[in-house]
Amino acid sequence: MVLERFFSTSKKEQEVILNIKKHIKTLITASQVFKNGFEKENQDIMLNISELEREADSIRRGLISRIYEGAFLPYLRPNIFRFVEIIDEAFDVLKDAASEYKYIKIKSEELKSDCAEIININCQICEMLLQAVDSMFFGEDLREKSLAIRIYEKKIDEIKLEITEKLQNIDVESFWEGKMLSDFISHLSKVSDIIEDASDYLNIIKISLK
Amino acid sequence: MKVEEIMVRKIEFIDSTASLFDAIEKMIDKRLRSLVVTPKEESDVYGVITVRDIVFKAIKQNLDLNKTKVYEVANKPVVCVNRVMDIKHAINLMDKFNIARVFVCDNMQIIGIVSLMDILNAFLIMRARGDYGA
């Protein structure tokens, strides 16, 4: 298989692959920490997201240096670089949502339950992305994993639409309370969009190797 | 996998005496293909009205959508399953009764819906995860 040959020969490439997986595993951890913090309504737990984001930044910087030190053929590097950058965007929105959490009060149980569902799917979609990356490096077909990611994303889209309708009937005490709540939900639902983009990029990388 | 793991909790109800046009409006606004019809009285049971019922039983028959009541085209009773039932049993029921959805009931209350599309999505996710026989 082209991919197996491609990814298994060079030490630098192996290192990059390991770090890409480490980067995504850190994202999975961050999404699980977020879920835990939200379920326990604990802002201290949410603070750990920033730590994880910093850790991810460091992994990303190392990754990018390694890529431009000569891992992979030059024409592949921009796509791999972009893939890593997209994952980084997921950390950013998760961190933003975690920061907003301390300013918001979700009074409606129904809304809380919708947010919990999005958060739960976010964990699953991140796990699926890791499986997709594994599949690619093993030279397997990505179609099933990509489809699963699209299903998760669609589910979140539907929940977001429902939330948008519900938000219109929610009383807020100030402009900032409303803005923070709206931003929080927007960031929550953005994670799956980003993971879907990342999955599309994986497909581009795979196609470019053919 | 259990029914409760994939059931959709978003359920929209409609009064049995509402007009078909009311039902259509609600389905379009809420992007749904079915509505649960509430019981008329205590001794009554839940029913369901689907897009299929409206097209085949009302539009095809040239019924007046404003004058025809939901109970005239709705199906009763709904097929209920337990939340801890295995998905495979739910699939068997849907196949046996040739229906596109089953309702998840708890203490005589409908708490969720499982449609063919929900089952397909769950199956695809399980396959992608490697949890299911490929």
# chains A, B, ... in the order shown; residues from 1 in each chain; ligands from 1
$ interface_residues --of "chain A" --to "chain B" --cutoff "6 Å" --atoms "only C-alpha atoms" --output "ChimeraX atom specification"
/A:144-145,148
$ write_last_selection --atoms "C-alpha atoms" --output "tab-separated table (two decimals), in the first residue's frame"
chain	number	residue	atom	x	y	z
A	144	GLU	CA	-16.88	5.13	6.69
A	145	LYS	CA	-15.12	7.33	9.22
A	148	ALA	CA	-19.70	8.97	10.68
$ residues_around --residues "Met94 of chain B" --least-positions-apart "3" --cutoff "12 Å" --atoms "only C-alpha atoms" --output "ChimeraX atom specification"
/B:78-81,87-91,97-103,114-116,119
$ closest_residue --among "B:Glu5, B:Asn62, B:Lys69, B:Glu42" --to "Ala23 of chain B" --atoms "only C-alpha atoms"
B:Lys69
$ residues_around --residues "segment 35-41 of chain A" --least-positions-apart "5" --cutoff "10 Å" --atoms "only C-alpha atoms" --output "ChimeraX atom specification"
/A:29-30,46-49,98,101-102,112-113,115-123
$ residues_around --residues "Ile110 of chain B" --least-positions-apart "2" --cutoff "10 Å" --atoms "only C-alpha atoms" --output "mmCIF file with C-alpha atoms, in the first residue's frame"
data_model
loop_
_atom_site.group_PDB
_atom_site.id
_atom_site.type_symbol
_atom_site.label_atom_id
_atom_site.label_comp_id
_atom_site.auth_asym_id
_atom_site.auth_seq_id
_atom_site.Cartn_x
_atom_site.Cartn_y
_atom_site.Cartn_z
ATOM 1 C CA ARG B 9 -36.077 12.951 22.593
ATOM 2 C CA ILE B 11 -41.214 14.830 20.264
ATOM 3 C CA VAL B 36 -47.686 12.312 18.105
ATOM 4 C CA TYR B 46 -51.566 8.008 21.666
ATOM 5 C CA VAL B 78 -48.569 3.703 18.211
ATOM 6 C CA CYS B 80 -44.243 1.272 21.675
ATOM 7 C CA VAL B 81 -40.934 -0.226 22.729
ATOM 8 C CA PHE B 103 -42.055 5.101 20.047
ATOM 9 C CA VAL B 104 -40.167 4.655 23.250
ATOM 10 C CA CYS B 105 -42.614 4.518 26.137
ATOM 11 C CA ASP B 106 -42.146 4.656 29.863
ATOM 12 C CA ASN B 107 -45.066 4.528 32.304
ATOM 13 C CA MET B 108 -47.587 5.105 29.522
ATOM 14 C CA GLY B 112 -38.588 9.190 22.561
ATOM 15 C CA ILE B 113 -38.759 8.119 18.939
#
$ atom_distance --atom1 "atom CA of Phe184 of chain A" --atom2 "atom CA of Asp57 of chain A"
22.0 Å
$ residues_around --residues "segment 167-174 of chain A" --least-positions-apart "6" --cutoff "10 Å" --atoms "only C-alpha atoms" --output "mmCIF file with N, CA and C atoms, in the first residue's frame"
data_model
loop_
_atom_site.group_PDB
_atom_site.id
_atom_site.type_symbol
_atom_site.label_atom_id
_atom_site.label_comp_id
_atom_site.auth_asym_id
_atom_site.auth_seq_id
_atom_site.Cartn_x
_atom_site.Cartn_y
_atom_site.Cartn_z
ATOM 1 N N LYS A 105 -25.210 31.671 32.797
ATOM 2 C CA LYS A 105 -26.072 30.872 33.677
ATOM 3 C C LYS A 105 -27.112 30.240 32.765
ATOM 4 N N ILE A 106 -27.105 28.919 32.688
ATOM 5 C CA ILE A 106 -28.126 28.268 31.857
ATOM 6 C C ILE A 106 -29.268 27.871 32.790
ATOM 7 N N LYS A 107 -30.305 28.698 32.758
ATOM 8 C CA LYS A 107 -31.408 28.461 33.704
ATOM 9 C C LYS A 107 -32.343 27.369 33.203
ATOM 10 N N SER A 108 -32.510 27.295 31.895
ATOM 11 C CA SER A 108 -33.457 26.320 31.350
ATOM 12 C C SER A 108 -32.841 24.920 31.318
ATOM 13 N N LEU A 111 -32.460 23.610 27.785
ATOM 14 C CA LEU A 111 -31.296 24.154 27.086
ATOM 15 C C LEU A 111 -30.011 23.471 27.573
ATOM 16 N N LEU A 161 -30.079 24.196 15.717
ATOM 17 C CA LEU A 161 -31.283 24.853 15.194
ATOM 18 C C LEU A 161 -32.370 24.945 16.270
ATOM 19 N N LEU A 181 -24.002 33.924 26.382
ATOM 20 C CA LEU A 181 -24.719 32.663 26.190
ATOM 21 C C LEU A 181 -24.730 32.278 24.711
ATOM 22 N N SER A 182 -24.987 33.282 23.872
ATOM 23 C CA SER A 182 -25.028 33.027 22.436
ATOM 24 C C SER A 182 -23.644 32.587 21.925
ATOM 25 N N ILE A 185 -22.794 28.945 23.011
ATOM 26 C CA ILE A 185 -23.454 27.928 22.186
ATOM 27 C C ILE A 185 -22.841 27.881 20.786
#
$ residues_around --residues "Ser19 of chain B" --least-positions-apart "3" --cutoff "8 Å" --atoms "only C-alpha atoms" --output "list in words"
Asp22, Ala23, Leu65, Asn66, Lys67, Thr68, Lys69 and Val70 of chain B
$ write_last_selection --atoms "N, CA and C atoms" --output "PDB file, in the first residue's frame"
ATOM      1  N   ASP B  22     -52.954  22.443  10.304  1.00  0.00           N
ATOM      2  CA  ASP B  22     -52.174  22.731  11.528  1.00  0.00           C
ATOM      3  C   ASP B  22     -51.009  21.740  11.651  1.00  0.00           C
ATOM      4  N   ALA B  23     -51.330  20.483  11.371  1.00  0.00           N
ATOM      5  CA  ALA B  23     -50.300  19.435  11.484  1.00  0.00           C
ATOM      6  C   ALA B  23     -49.180  19.680  10.471  1.00  0.00           C
ATOM      7  N   LEU B  65     -57.754  20.183   3.532  1.00  0.00           N
ATOM      8  CA  LEU B  65     -56.776  20.135   4.633  1.00  0.00           C
ATOM      9  C   LEU B  65     -57.194  20.978   5.837  1.00  0.00           C
ATOM     10  N   ASN B  66     -58.013  21.988   5.568  1.00  0.00           N
ATOM     11  CA  ASN B  66     -58.467  22.834   6.680  1.00  0.00           C
ATOM     12  C   ASN B  66     -59.639  22.219   7.438  1.00  0.00           C
ATOM     13  N   LYS B  67     -60.408  21.419   6.723  1.00  0.00           N
ATOM     14  CA  LYS B  67     -61.598  20.838   7.366  1.00  0.00           C
ATOM     15  C   LYS B  67     -61.341  19.446   7.951  1.00  0.00           C
ATOM     16  N   THR B  68     -60.397  18.744   7.376  1.00  0.00           N
ATOM     17  CA  THR B  68     -60.138  17.382   7.866  1.00  0.00           C
ATOM     18  C   THR B  68     -59.361  17.442   9.176  1.00  0.00           C
ATOM     19  N   LYS B  69     -59.821  16.633  10.114  1.00  0.00           N
ATOM     20  CA  LYS B  69     -59.177  16.624  11.433  1.00  0.00           C
ATOM     21  C   LYS B  69     -58.059  15.570  11.470  1.00  0.00           C
ATOM     22  N   VAL B  70     -57.120  15.832  12.357  1.00  0.00           N
ATOM     23  CA  VAL B  70     -55.964  14.940  12.489  1.00  0.00           C
ATOM     24  C   VAL B  70     -56.412  13.502  12.785  1.00  0.00           C
TER      25      VAL B  70
END
$ atom_distance --atom1 "atom CA of Lys12 of chain A" --atom2 "atom CA of Tyr68 of chain A"
10.2 Å
$ select_by_dssp --residues "chain B" --states "strand (DSSP E or B)" --output "ChimeraX atom specification"
/B:2,8,13-14,19,34-37,47-50,69,75,80-81,86,101-106,109-115
$ write_last_selection --atoms "C-alpha atoms" --output "PDB file, in the first residue's frame"
ATOM      1  CA  LYS B   2     -30.246  -0.342  23.395  1.00  0.00           C
ATOM      2  CA  VAL B   8     -34.527  11.094  19.702  1.00  0.00           C
ATOM      3  CA  PHE B  13     -47.523  16.568  19.855  1.00  0.00           C
ATOM      4  CA  ILE B  14     -50.705  17.642  18.134  1.00  0.00           C
ATOM      5  CA  SER B  19     -56.813  20.387  11.327  1.00  0.00           C
ATOM      6  CA  SER B  34     -44.381  12.751  12.144  1.00  0.00           C
ATOM      7  CA  LEU B  35     -46.322  14.118  15.090  1.00  0.00           C
ATOM      8  CA  VAL B  36     -47.686  12.312  18.105  1.00  0.00           C
ATOM      9  CA  VAL B  37     -51.438  12.700  18.391  1.00  0.00           C
ATOM     10  CA  GLY B  47     -51.689   8.051  17.872  1.00  0.00           C
ATOM     11  CA  VAL B  48     -49.288   9.180  15.180  1.00  0.00           C
ATOM     12  CA  ILE B  49     -49.702  11.201  12.026  1.00  0.00           C
ATOM     13  CA  THR B  50     -46.987  11.094   9.386  1.00  0.00           C
ATOM     14  CA  LYS B  69     -59.177  16.624  11.433  1.00  0.00           C
ATOM     15  CA  ASN B  75     -52.880   5.857  13.118  1.00  0.00           C
ATOM     16  CA  CYS B  80     -44.243   1.272  21.675  1.00  0.00           C
ATOM     17  CA  VAL B  81     -40.934  -0.226  22.729  1.00  0.00           C
ATOM     18  CA  ASP B  86     -32.233  -4.131  21.875  1.00  0.00           C
ATOM     19  CA  ARG B 101     -40.621   4.615  13.459  1.00  0.00           C
ATOM     20  CA  VAL B 102     -41.336   3.170  16.872  1.00  0.00           C
ATOM     21  CA  PHE B 103     -42.055   5.101  20.047  1.00  0.00           C
ATOM     22  CA  VAL B 104     -40.167   4.655  23.250  1.00  0.00           C
ATOM     23  CA  CYS B 105     -42.614   4.518  26.137  1.00  0.00           C
ATOM     24  CA  ASP B 106     -42.146   4.656  29.863  1.00  0.00           C
ATOM     25  CA  GLN B 109     -45.713   8.217  28.415  1.00  0.00           C
ATOM     26  CA  ILE B 110     -43.854   8.634  25.136  1.00  0.00           C
ATOM     27  CA  ILE B 111     -40.276   9.619  25.934  1.00  0.00           C
ATOM     28  CA  GLY B 112     -38.588   9.190  22.561  1.00  0.00           C
ATOM     29  CA  ILE B 113     -38.759   8.119  18.939  1.00  0.00           C
ATOM     30  CA  VAL B 114     -36.539   5.813  16.938  1.00  0.00           C
ATOM     31  CA  SER B 115     -36.826   6.098  13.180  1.00  0.00           C
TER      32      SER B 115
END
$ closest_residue --among "A:Ile204, A:Ile45, A:Leu142, A:Ile64" --to "Phe81 of chain A" --atoms "only C-alpha atoms"
A:Ile64
$ atom_distance --atom1 "atom CA of Ser16 of chain B" --atom2 "atom CA of Ile28 of chain B"
18.0 Å
$ residues_around --residues "Ala56 of chain A" --least-positions-apart "2" --cutoff "12 Å" --atoms "only C-alpha atoms" --output "PyMOL selection string"
chain A and resi 19-30+49-54+58-63+84-85+87-92+95
$ write_last_selection --atoms "N, CA and C atoms" --output "compact mmCIF listing (two decimals), in the first residue's frame"
# COMPACT_ATOMS: atom_id res chain seq x y z
N ASN A 19 2.93 12.52 16.62
CA ASN A 19 2.54 13.81 17.21
C ASN A 19 1.17 14.29 16.73
N ILE A 20 0.82 13.95 15.50
CA ILE A 20 -0.54 14.30 15.02
C ILE A 20 -1.55 13.55 15.91
N LYS A 21 -1.25 12.27 16.16
CA LYS A 21 -2.16 11.49 17.00
C LYS A 21 -2.19 12.02 18.43
N LYS A 22 -1.03 12.44 18.90
CA LYS A 22 -0.96 13.00 20.26
C LYS A 22 -1.78 14.29 20.34
N HIS A 23 -1.68 15.08 19.28
CA HIS A 23 -2.41 16.34 19.20
C HIS A 23 -3.91 16.08 19.30
N ILE A 24 -4.38 15.09 18.52
CA ILE A 24 -5.81 14.78 18.53
C ILE A 24 -6.22 14.15 19.86
N LYS A 25 -5.35 13.32 20.43
CA LYS A 25 -5.67 12.72 21.74
C LYS A 25 -5.82 13.81 22.79
N THR A 26 -5.01 14.86 22.67
CA THR A 26 -5.12 15.98 23.61
C THR A 26 -6.47 16.67 23.42
N LEU A 27 -6.91 16.75 22.16
CA LEU A 27 -8.22 17.36 21.88
C LEU A 27 -9.34 16.51 22.48
N ILE A 28 -9.19 15.19 22.39
CA ILE A 28 -10.20 14.29 22.98
C ILE A 28 -10.23 14.52 24.50
N THR A 29 -9.04 14.60 25.10
CA THR A 29 -8.99 14.84 26.54
C THR A 29 -9.66 16.17 26.88
N ALA A 30 -9.37 17.20 26.08
CA ALA A 30 -9.96 18.52 26.35
C ALA A 30 -11.49 18.45 26.24
N ILE A 49 -8.90 23.40 30.52
CA ILE A 49 -8.93 23.43 29.05
C ILE A 49 -7.80 24.33 28.53
N SER A 50 -7.57 25.45 29.22
CA SER A 50 -6.49 26.35 28.79
C SER A 50 -5.14 25.66 28.86
N GLU A 51 -4.95 24.89 29.93
CA GLU A 51 -3.69 24.14 30.08
C GLU A 51 -3.50 23.18 28.91
N LEU A 52 -4.60 22.48 28.58
CA LEU A 52 -4.53 21.51 27.50
C LEU A 52 -4.29 22.20 26.16
N GLU A 53 -4.88 23.39 26.01
CA GLU A 53 -4.69 24.14 24.77
C GLU A 53 -3.23 24.55 24.62
N ARG A 54 -2.61 24.94 25.73
CA ARG A 54 -1.19 25.33 25.69
C ARG A 54 -0.32 24.11 25.35
N SER A 58 2.10 23.51 21.98
CA SER A 58 3.49 23.08 21.98
C SER A 58 3.67 21.87 21.04
N ILE A 59 2.68 20.95 21.08
CA ILE A 59 2.75 19.80 20.17
C ILE A 59 2.70 20.28 18.72
N ARG A 60 1.82 21.23 18.46
CA ARG A 60 1.65 21.75 17.09
C ARG A 60 2.93 22.42 16.59
N ARG A 61 3.56 23.22 17.46
CA ARG A 61 4.80 23.90 17.03
C ARG A 61 5.88 22.88 16.67
N GLY A 62 5.98 21.86 17.52
CA GLY A 62 6.97 20.80 17.26
C GLY A 62 6.68 20.09 15.95
N LEU A 63 5.39 19.85 15.75
CA LEU A 63 4.96 19.15 14.53
C LEU A 63 5.33 19.93 13.28
N VAL A 84 -3.14 20.17 10.64
CA VAL A 84 -2.75 20.43 12.04
C VAL A 84 -3.33 21.78 12.52
N GLU A 85 -3.31 22.76 11.63
CA GLU A 85 -3.85 24.08 11.98
C GLU A 85 -5.36 24.01 12.26
N ILE A 87 -7.01 21.45 13.45
CA ILE A 87 -7.20 20.85 14.79
C ILE A 87 -6.98 21.93 15.85
N ASP A 88 -6.00 22.77 15.58
CA ASP A 88 -5.71 23.85 16.53
C ASP A 88 -6.92 24.80 16.69
N GLU A 89 -7.65 25.00 15.60
CA GLU A 89 -8.85 25.86 15.68
C GLU A 89 -9.88 25.25 16.62
N ALA A 90 -9.95 23.92 16.62
CA ALA A 90 -10.90 23.25 17.52
C ALA A 90 -10.55 23.53 18.98
N PHE A 91 -9.23 23.53 19.28
CA PHE A 91 -8.80 23.88 20.64
C PHE A 91 -9.22 25.30 20.98
N ASP A 92 -9.07 26.19 20.01
CA ASP A 92 -9.40 27.61 20.26
C ASP A 92 -10.87 27.78 20.63
N LYS A 95 -11.60 26.33 24.01
CA LYS A 95 -11.08 27.20 25.07
C LYS A 95 -11.99 28.42 25.25
$ select_by_dssp --residues "chain B" --states "alpha helix (DSSP H)" --output "mmCIF file with C-alpha atoms, in the first residue's frame"
data_model
loop_
_atom_site.group_PDB
_atom_site.id
_atom_site.type_symbol
_atom_site.label_atom_id
_atom_site.label_comp_id
_atom_site.auth_asym_id
_atom_site.auth_seq_id
_atom_site.Cartn_x
_atom_site.Cartn_y
_atom_site.Cartn_z
ATOM 1 C CA VAL B 3 -33.048 1.764 22.031
ATOM 2 C CA GLU B 4 -32.439 4.559 24.552
ATOM 3 C CA GLU B 5 -28.912 5.064 23.206
ATOM 4 C CA ILE B 6 -30.174 6.223 19.836
ATOM 5 C CA LEU B 20 -54.455 18.665 8.932
ATOM 6 C CA PHE B 21 -53.212 22.089 7.895
ATOM 7 C CA ASP B 22 -52.174 22.731 11.528
ATOM 8 C CA ALA B 23 -50.300 19.435 11.484
ATOM 9 C CA ILE B 24 -48.578 20.274 8.197
ATOM 10 C CA GLU B 25 -47.548 23.682 9.503
ATOM 11 C CA LYS B 26 -46.059 22.150 12.614
ATOM 12 C CA MET B 27 -44.186 19.493 10.647
ATOM 13 C CA ILE B 28 -42.680 22.080 8.328
ATOM 14 C CA ASP B 29 -41.796 24.530 11.077
ATOM 15 C CA LYS B 30 -40.193 21.852 13.221
ATOM 16 C CA VAL B 51 -46.229 12.880 6.132
ATOM 17 C CA ARG B 52 -47.118 9.626 4.430
ATOM 18 C CA ASP B 53 -50.618 9.663 6.001
ATOM 19 C CA VAL B 70 -55.964 14.940 12.489
ATOM 20 C CA TYR B 71 -57.800 11.968 14.058
ATOM 21 C CA GLU B 72 -59.359 11.153 10.683
ATOM 22 C CA VAL B 73 -56.054 10.173 9.127
ATOM 23 C CA ILE B 87 -32.263 -2.247 18.566
ATOM 24 C CA LYS B 88 -32.566 -5.542 16.702
ATOM 25 C CA HIS B 89 -36.005 -6.131 18.239
ATOM 26 C CA ALA B 90 -37.053 -2.618 17.265
ATOM 27 C CA ILE B 91 -35.943 -3.338 13.687
ATOM 28 C CA ASN B 92 -37.969 -6.565 13.698
ATOM 29 C CA LEU B 93 -41.068 -4.678 14.858
ATOM 30 C CA MET B 94 -40.639 -2.013 12.181
ATOM 31 C CA ASP B 95 -40.225 -4.688 9.561
ATOM 32 C CA LYS B 96 -43.201 -6.715 10.819
ATOM 33 C CA PHE B 97 -45.575 -3.753 10.918
ATOM 34 C CA LEU B 116 -35.266 4.068 10.390
ATOM 35 C CA MET B 117 -32.844 6.946 9.757
ATOM 36 C CA ASP B 118 -31.770 6.954 13.432
ATOM 37 C CA ILE B 119 -31.043 3.247 13.171
ATOM 38 C CA LEU B 120 -29.113 3.687 9.933
ATOM 39 C CA ASN B 121 -27.044 6.512 11.454
ATOM 40 C CA ALA B 122 -26.324 4.470 14.583
ATOM 41 C CA PHE B 123 -25.330 1.474 12.469
ATOM 42 C CA LEU B 124 -22.941 3.570 10.354
ATOM 43 C CA ILE B 125 -21.323 5.082 13.433
ATOM 44 C CA MET B 126 -20.909 1.649 15.020
ATOM 45 C CA ARG B 127 -19.348 0.350 11.813
ATOM 46 C CA ALA B 128 -16.945 3.284 11.669
ATOM 47 C CA ARG B 129 -15.994 2.682 15.287
#
$ decode --residues "segment 54-117 of chain B" --atoms "C-alpha atoms" --output "mmCIF file, in the first residue's frame"
data_model
loop_
_atom_site.group_PDB
_atom_site.id
_atom_site.type_symbol
_atom_site.label_atom_id
_atom_site.label_comp_id
_atom_site.auth_asym_id
_atom_site.auth_seq_id
_atom_site.Cartn_x
_atom_site.Cartn_y
_atom_site.Cartn_z
ATOM 1 C CA ILE B 54 -51.178 13.230 4.862
ATOM 2 C CA VAL B 55 -50.048 12.579 1.288
ATOM 3 C CA PHE B 56 -51.798 9.240 0.767
ATOM 4 C CA LYS B 57 -54.909 9.649 2.877
ATOM 5 C CA ALA B 58 -55.633 13.329 2.417
ATOM 6 C CA ILE B 59 -53.877 14.933 -0.565
ATOM 7 C CA LYS B 60 -54.365 11.912 -2.817
ATOM 8 C CA GLN B 61 -58.052 11.772 -1.838
ATOM 9 C CA ASN B 62 -58.484 15.527 -2.367
ATOM 10 C CA LEU B 63 -59.575 16.082 1.211
ATOM 11 C CA ASP B 64 -59.851 19.642 2.450
ATOM 12 C CA LEU B 65 -56.776 20.135 4.633
ATOM 13 C CA ASN B 66 -58.467 22.834 6.680
ATOM 14 C CA LYS B 67 -61.598 20.838 7.366
ATOM 15 C CA THR B 68 -60.138 17.382 7.866
ATOM 16 C CA LYS B 69 -59.177 16.624 11.433
ATOM 17 C CA VAL B 70 -55.964 14.940 12.489
ATOM 18 C CA TYR B 71 -57.800 11.968 14.058
ATOM 19 C CA GLU B 72 -59.359 11.153 10.683
ATOM 20 C CA VAL B 73 -56.054 10.173 9.127
ATOM 21 C CA ALA B 74 -53.869 9.375 12.153
ATOM 22 C CA ASN B 75 -52.880 5.857 13.118
ATOM 23 C CA LYS B 76 -53.659 4.367 16.501
ATOM 24 C CA PRO B 77 -52.249 2.943 18.663
ATOM 25 C CA VAL B 78 -48.569 3.703 18.211
ATOM 26 C CA VAL B 79 -46.065 0.867 18.379
ATOM 27 C CA CYS B 80 -44.243 1.272 21.675
ATOM 28 C CA VAL B 81 -40.934 -0.226 22.729
ATOM 29 C CA ASN B 82 -39.117 -0.281 26.026
ATOM 30 C CA ARG B 83 -36.094 1.998 26.411
ATOM 31 C CA VAL B 84 -33.800 -0.944 27.245
ATOM 32 C CA MET B 85 -34.947 -3.031 24.301
ATOM 33 C CA ASP B 86 -32.233 -4.131 21.875
ATOM 34 C CA ILE B 87 -32.263 -2.247 18.566
ATOM 35 C CA LYS B 88 -32.566 -5.542 16.702
ATOM 36 C CA HIS B 89 -36.005 -6.131 18.239
ATOM 37 C CA ALA B 90 -37.053 -2.618 17.265
ATOM 38 C CA ILE B 91 -35.943 -3.338 13.687
ATOM 39 C CA ASN B 92 -37.969 -6.565 13.698
ATOM 40 C CA LEU B 93 -41.068 -4.678 14.858
ATOM 41 C CA MET B 94 -40.639 -2.013 12.181
ATOM 42 C CA ASP B 95 -40.225 -4.688 9.561
ATOM 43 C CA LYS B 96 -43.201 -6.715 10.819
ATOM 44 C CA PHE B 97 -45.575 -3.753 10.918
ATOM 45 C CA ASN B 98 -44.010 -1.979 7.902
ATOM 46 C CA ILE B 99 -43.515 1.243 9.846
ATOM 47 C CA ALA B 100 -40.745 3.833 9.739
ATOM 48 C CA ARG B 101 -40.621 4.615 13.459
ATOM 49 C CA VAL B 102 -41.336 3.170 16.872
ATOM 50 C CA PHE B 103 -42.055 5.101 20.047
ATOM 51 C CA VAL B 104 -40.167 4.655 23.250
ATOM 52 C CA CYS B 105 -42.614 4.518 26.137
ATOM 53 C CA ASP B 106 -42.146 4.656 29.863
ATOM 54 C CA ASN B 107 -45.066 4.528 32.304
ATOM 55 C CA MET B 108 -47.587 5.105 29.522
ATOM 56 C CA GLN B 109 -45.713 8.217 28.415
ATOM 57 C CA ILE B 110 -43.854 8.634 25.136
ATOM 58 C CA ILE B 111 -40.276 9.619 25.934
ATOM 59 C CA GLY B 112 -38.588 9.190 22.561
ATOM 60 C CA ILE B 113 -38.759 8.119 18.939
ATOM 61 C CA VAL B 114 -36.539 5.813 16.938
ATOM 62 C CA SER B 115 -36.826 6.098 13.180
ATOM 63 C CA LEU B 116 -35.266 4.068 10.390
ATOM 64 C CA MET B 117 -32.844 6.946 9.757
#
